[in-house]
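Colleague: I am attaching a structure below and will ask some questions about it afterwards.
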Amino acid sequence: MENDVSLRNLAHLGDSVYELFIREYTVFQTKNIQKLHKLTVSYVNAEFQTELLAKLEPILHEKELDIIRRARNLSTTTSRRINHKLHRLATAFEVLLGYLYLYDKNRLKEIFEIIKNYI
């Protein structure tokens, strides 16, 4: 069952799951829509996601680390101006979240609780 979804599709799902998590968190931080957007964007970007991944790696299980390793090797289709290494790491973070959303929601909740310490 776990092989039914491609890494790219897991990244697509993980991107949405993460953004919803962040929006749910930030919606309580301010009533000003411009500040809300700025706050949300500060957490939903490749650089911050890469930082989170680095902080999470020491506590990840072997299966989760394997998923990240495989996801980091996905080719990117972004513009030349983008830092490809950064983009690949952010994609790996999204793949992990997509995977956990589909196959281990309890672990996803644990990861989100840890992430709250960094936002």
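Labels used: A, B, ... for chains in the order of the structure tokens, numbers from 1 for residues in each chain, and numbers from 1 for ligands as shown.
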Go through chain A and collect every residue that DSSP, computed from the backbone, puts in alpha helix (DSSP H); the answer should be as a PyMOL selection string.
Modeller: chain A and resi 7-26+33-43+46-56+62-72+84-103+105-116
Colleague: Please provide as a list in words all residues within 10 Å of Leu74 of chain A, with the sequence filter that same-chain residues fewer than 4 positions apart are discarded (counting only C-alpha atoms).
Modeller: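 Neighbouring residues, sequence-local ones excluded: Leu7, Arg8, Arg69, Arg70, Arg88, Leu89, Thr91 and Ala92 of chain A.
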Colleague: Ranking A:Val95, A:Leu52, A:Ile111, A:Leu102 by minimum distance to His12 of chain A and counting only C-alpha atoms, which one comes first?
Modeller: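 When distances to His12 of chain A are compared using only C-alpha atoms, the smallest one comes from A:Val95.
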Colleague: Restricting the calculation to only C-alpha atoms: of A:Ser6, A:Asn106, A:Asn117, A:Asn83, which residue gets closest to Glu47 of chain A?
Modeller: A:Asn83
Colleague: Which distance in Å separates atom CA of Ile67 of chain A and atom CA of Thr26 of chain A, to one decimal?
Modeller: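 Going from atom CA of Ile67 of chain A over to atom CA of Thr26 of chain A, I get 28.2 Å.
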Colleague: Which one of A:Phe28, A:Phe112, A:Tyr43, A:Tyr99 sits closest to Ala71 of chain A if you count only C-alpha atoms?
Modeller: A:Tyr99
Colleague: Could you state the separation of atom CA of His87 of chain A and atom CA of Ala46 of chain A in Å, given to one decimal place?
Modeller: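 Atom CA of His87 of chain A sits 6.0 Å away from atom CA of Ala46 of chain A.
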Colleague: Measure the distance from atom CA of Arg72 of chain A to atom CA of Lys116 of chain A in Å and round it to one decimal.
Modeller: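 Separation between atom CA of Arg72 of chain A and atom CA of Lys116 of chain A: 23.9 Å.
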Colleague: Between A:Leu13, A:Ile22, A:His84, A:Ser75, single out the one closest to Ser42 of chain A, counting only C-alpha atoms.
Modeller: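 Closest to Ser42 of chain A of all the choices is A:Ile22.
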Colleague: Pick out the residues sitting within 9 Å of Glu19 of chain A, and hand them over as a list in words; count only C-alpha atoms, and ignore anything fewer than 5 positions along from it in its own chain.
Modeller: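 Non-adjacent residues within range: Gly14, Glu24, Thr40, Tyr43 and Val44 of chain A.
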Colleague: So that I can see what lies close to Glu110 of chain A, please list as a list in words the residues with an atom at most 12 Å from it, counting only C-alpha atoms and leaving out residues fewer than 4 positions away in the same chain.
Modeller: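 The neighbour list is Leu56, Ile59, Leu60, Leu97, Leu100, Tyr101, Asp104, Lys105, Asn106, Ile114, Ile115, Lys116 and Asn117 of chain A.
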Colleague: Counting only C-alpha atoms, which residue out of A:Arg23, A:Val17, A:Lys55, A:Thr50 sits closest to His37 of chain A?
Modeller: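 Using only C-alpha atoms, His37 of chain A sits closest to A:Arg23.
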Colleague: Have a look at A:Tyr103, A:Tyr118, A:Phe93, A:Tyr18 and name the one nearest to Glu57 of chain A; count only C-alpha atoms.
Modeller: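 So, comparing all the options, the nearest one is A:Phe93.
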